[in-house]
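J.: Shown below is the structure under consideration.
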Amino acid sequence: MDRRLALVTGASAGIGAAFARILASHGYDVALTARRTDRLEALAEEIRLRYGVETLTVGADLSEPEAPGHILDHLTAHGRTVDALVNNAGYGLPGAYGETLWAEQRAFIQVMVTAPCELAHRTLGGMQQRGFGRIVNVASLAALIPGAAGATLYAASKAFLVKFSQSLHLELAADGVHVTALCPGFTYSEFHDANGTRALVSAATPTWLWLGADEVAAAGYEAVEANRAVCVPGAPSKAIAAVAKALPEEWGLALMASQGSRFRKL
Ligand SMILES: NC(=O)c1ccc[n+]([C@@H]2O[C@H](COP(=O)([O-])OP(=O)(O)OC[C@H]3O[C@@H](n4cnc5c(N)ncnc54)[C@H](OP(=O)(O)O)[C@@H]3O)[C@@H](O)[C@H]2O)c1
């Protein structure tokens, strides 16, 4: 059977794993990549049994510049091309910019900016030729509100993904290739455990502000199918994005100066 293939980065947890399940439930074969291959294998088996689609797993560390090439070479060796790409892998790097190592920031840019750009660049030609493609760049609500002190390049990298997605969305509109920046607010996943901010963020935020990874991925799937350039899942996050857009810049920064430390670790 000729099924389409979706490549999901950061598929070993959270939003990426949820996206892989949703894509498989819509009939895609899925290629799962992340560093923790035991997690990928377990998810691949679950998806195969539950949805009857084919799965591929590729262990890769996206902080390594050659990783996007390796991932796509692995798929090519299995005779597969990418019809849908979900650039989801990501993390937060707490701390003040000058107090972190450049090597950490360089790796961060590689994972959060360069790898998604490279994967899209390497796959979109095939999508255009076939007249079908889907690209979801998982950005963040942080891209749509003023920057906060701490995790300095996080909002910047996500704002980059939003602008990148909007431009690509326009460039590929006539080719059957849909491009969406997905901008979730607080989402239940391993994200805040991985960066050590779980206690801080849980204490600072009401539960109604949070969405499940499944809800976020479902909103992203729906948005890319509808070819919406930017998707903010959930009413509270939509309201925050709208207020942030309407707010004079200096008011927004003043708000971040007083409130930012409630959810960002310096
Ligand atoms: N959770 C939130 O509140 C929230 C809000 C807005 C946006 N986001 C964004 O949503 C995306 C998914 O995050 P999540 O919330 O699902 O967090 P998560 O549960 O921690 O999942 C992050 C995924 O990224 C992968 N990853 C991290 N570093 C990697 C690297 N160097 N190479 C390859 N894969 C890497 C992890 O896999 P391995 O560790 O196995 O490599 C994991 O699969 C991220 O881009 C994040 O910025 C999250």
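Following the order of the structure tokens, first chain is A, next is B, and so on, with residues numbered from 1 inside each chain and ligands from 1 in the order they appear.
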Please find the residues contacting ligand 1 at a distance of at most 6 Å between atoms, with only C-alpha atoms and all ligand atoms counted, and report them as a CSV table (one decimal) with N, CA, C and O atoms, in the first residue's frame.
T.:
```csv
chain,number,residue,atom,x,y,z
A,10,GLY,N,11.7,14.8,17.8
A,10,GLY,CA,11.3,14.9,19.2
A,10,GLY,C,10.1,14.0,19.5
A,10,GLY,O,9.2,14.4,20.2
A,11,ALA,N,10.1,12.8,18.9
A,11,ALA,CA,8.9,11.9,19.0
A,11,ALA,C,9.0,11.0,20.2
A,11,ALA,O,8.1,10.2,20.4
A,12,SER,N,10.0,11.2,21.0
A,12,SER,CA,10.1,10.3,22.2
A,12,SER,C,9.3,10.7,23.4
A,12,SER,O,9.3,10.0,24.4
A,13,ALA,N,8.7,11.9,23.3
A,13,ALA,CA,7.9,12.4,24.4
A,13,ALA,C,6.9,13.4,24.0
A,13,ALA,O,6.9,13.9,22.8
A,14,GLY,N,6.0,13.8,24.9
A,14,GLY,CA,5.2,15.0,24.8
A,14,GLY,C,4.5,15.2,23.5
A,14,GLY,O,3.8,14.3,22.9
A,15,ILE,N,4.6,16.4,23.0
A,15,ILE,CA,3.8,16.9,21.8
A,15,ILE,C,4.2,16.0,20.5
A,15,ILE,O,3.4,15.7,19.7
A,16,GLY,N,5.5,15.7,20.4
A,16,GLY,CA,6.0,14.9,19.3
A,16,GLY,C,5.4,13.5,19.2
A,16,GLY,O,4.9,13.1,18.2
A,34,ALA,N,14.6,11.1,17.6
A,34,ALA,CA,14.9,11.7,18.9
A,34,ALA,C,16.2,11.0,19.3
A,34,ALA,O,16.7,10.1,18.6
A,35,ARG,N,16.7,11.4,20.5
A,35,ARG,CA,17.9,10.7,21.0
A,35,ARG,C,17.6,9.4,21.7
A,35,ARG,O,18.3,8.4,21.6
A,36,ARG,N,16.5,9.3,22.4
A,36,ARG,CA,16.1,8.1,23.2
A,36,ARG,C,15.5,7.1,22.4
A,36,ARG,O,14.2,7.0,22.2
A,60,ALA,N,18.9,10.2,16.7
A,60,ALA,CA,19.7,11.3,16.2
A,60,ALA,C,19.7,12.4,17.3
A,60,ALA,O,18.7,12.6,17.9
A,61,ASP,N,20.9,13.0,17.4
A,61,ASP,CA,21.0,14.2,18.3
A,61,ASP,C,21.0,15.4,17.4
A,61,ASP,O,22.0,15.6,16.6
A,62,LEU,N,20.0,16.2,17.4
A,62,LEU,CA,19.8,17.3,16.4
A,62,LEU,C,20.8,18.5,16.7
A,62,LEU,O,20.9,19.4,16.0
A,63,SER,N,21.5,18.4,17.9
A,63,SER,CA,22.6,19.4,18.1
A,63,SER,C,23.8,19.1,17.3
A,63,SER,O,24.7,20.0,17.2
A,88,ASN,N,9.5,19.4,15.7
A,88,ASN,CA,8.9,19.5,17.0
A,88,ASN,C,10.0,19.5,18.1
A,88,ASN,O,9.8,20.1,19.2
A,89,ALA,N,11.1,18.8,17.9
A,89,ALA,CA,12.1,18.6,19.0
A,89,ALA,C,12.5,20.0,19.5
A,89,ALA,O,12.7,21.0,18.8
A,90,GLY,N,12.6,20.1,20.9
A,90,GLY,CA,13.0,21.3,21.5
A,90,GLY,C,13.1,21.2,23.0
A,90,GLY,O,12.7,20.2,23.6
A,91,TYR,N,13.7,22.2,23.5
A,91,TYR,CA,13.9,22.2,25.0
A,91,TYR,C,14.2,23.7,25.4
A,91,TYR,O,14.3,24.6,24.6
A,111,VAL,N,19.6,22.9,17.4
A,111,VAL,CA,18.4,22.1,17.5
A,111,VAL,C,17.1,22.9,17.2
A,111,VAL,O,16.2,22.4,16.5
A,138,VAL,N,6.9,23.5,15.3
A,138,VAL,CA,6.4,23.7,16.6
A,138,VAL,C,7.1,24.9,17.3
A,138,VAL,O,8.3,24.8,17.6
A,139,ALA,N,6.4,26.0,17.3
A,139,ALA,CA,7.0,27.3,17.9
A,139,ALA,C,6.5,27.4,19.3
A,139,ALA,O,6.5,26.4,20.1
A,140,SER,N,6.0,28.5,19.7
A,140,SER,CA,5.5,28.7,21.1
A,140,SER,C,4.7,30.0,21.2
A,140,SER,O,5.0,30.9,20.5
A,184,PRO,N,1.9,26.7,20.9
A,184,PRO,CA,1.2,26.3,22.2
A,184,PRO,C,1.7,27.2,23.4
A,184,PRO,O,2.9,27.6,23.4
A,185,GLY,N,0.8,27.4,24.3
A,185,GLY,CA,1.2,27.9,25.6
A,185,GLY,C,1.6,26.7,26.5
A,185,GLY,O,2.1,25.7,26.0
A,186,PHE,N,1.5,26.9,27.8
A,186,PHE,CA,1.9,25.8,28.7
A,186,PHE,C,1.2,24.5,28.4
A,186,PHE,O,0.0,24.4,28.3
A,187,THR,N,2.1,23.5,28.2
A,187,THR,CA,1.6,22.1,27.7
A,187,THR,C,2.1,21.1,28.6
A,187,THR,O,3.4,21.1,28.9
A,188,TYR,N,1.3,20.1,29.1
A,188,TYR,CA,1.8,19.0,29.9
A,188,TYR,C,2.6,18.1,29.0
A,188,TYR,O,2.1,17.5,28.0
A,189,SER,N,3.9,18.0,29.4
A,189,SER,CA,4.8,17.1,28.7
A,189,SER,C,6.1,17.0,29.6
A,189,SER,O,6.0,17.3,30.8
A,190,GLU,N,7.2,16.6,29.1
A,190,GLU,CA,8.4,16.5,29.9
A,190,GLU,C,9.3,17.8,29.8
A,190,GLU,O,10.3,17.8,30.4
A,191,PHE,N,8.8,18.7,29.1
A,191,PHE,CA,9.5,20.0,28.8
A,191,PHE,C,10.1,20.6,30.1
A,191,PHE,O,11.3,20.9,30.2
A,194,ALA,N,12.6,18.5,32.0
A,194,ALA,CA,13.9,18.4,31.3
A,194,ALA,C,14.7,19.7,31.6
A,194,ALA,O,15.9,19.6,31.7
```
J.: Near Cys183 in chain A, counting only C-alpha atoms, which residues have an atom at most 9 Å away, once you skip same-chain residues fewer than 2 positions from it, shown as a list in words?
T.: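 Answer for this query is Asn137, Val138, Ala139, Ser140, Leu141, Ala142, Ala143, Leu144, Lys158, Val162, Ala181, Gly185, Val216, Gly220, Val230, Cys231, Val232, Pro233 and Ser237 of chain A.
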J.: Env of range 98-102 of chain A: 12 Å cut, atoms = only C-alpha atoms, seq-sep filter 6 positions within chain, self excluded. Answer as a compact mmCIF listing (two decimals) with C-alpha atoms, in the first residue's frame.
T.:
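As a result, around_1.txt now contains:
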```txt
# COMPACT_ATOMS: atom_id res chain seq x y z
CA PHE A 108 20.51 25.25 21.21
CA ILE A 109 20.44 27.22 17.94
CA ALA A 149 14.83 37.58 31.05
CA GLY A 150 16.26 34.06 31.16
CA ALA A 151 16.19 31.23 28.57
CA THR A 152 17.25 34.12 26.36
CA LEU A 153 17.23 32.48 22.95
CA LEU A 266 17.70 33.09 35.71
```
J.: Need the shell around range 168-173 of chain A: protein/DNA/RNA residues with any atom at most 9 Å away, counting only C-alpha atoms. Skip same-chain ones fewer than 2 positions apart. Format as a list in words?
T.: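 Close residues of range 168-173 of chain A: Leu124, Gln128, Ile135, Lys163, Phe164, Ser165, Gln166, Asp175, Gly176, Val177, His178, Val179, Thr180, Asn227, Arg228 and Ala229 of chain A.
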J.: Name the closest residue to Arg198 in chain A among the candidates A:Gly125, A:Pro65, A:Gly212, A:Gly92; distances are taken between atoms, counting only C-alpha atoms.
T.: A:Gly92
J.: Just list as a list in words whatever in range 97-248 of chain A DSSP marks as strand (DSSP E or B).
T.: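 DSSP on the backbone gives strand (DSSP E or B) at Gly133, Arg134, Ile135, Val136, Asn137, Val138, Val177, His178, Val179, Thr180, Ala181, Leu182, Thr187, Tyr188, Leu211, Gly212, Val230 and Cys231 of chain A.
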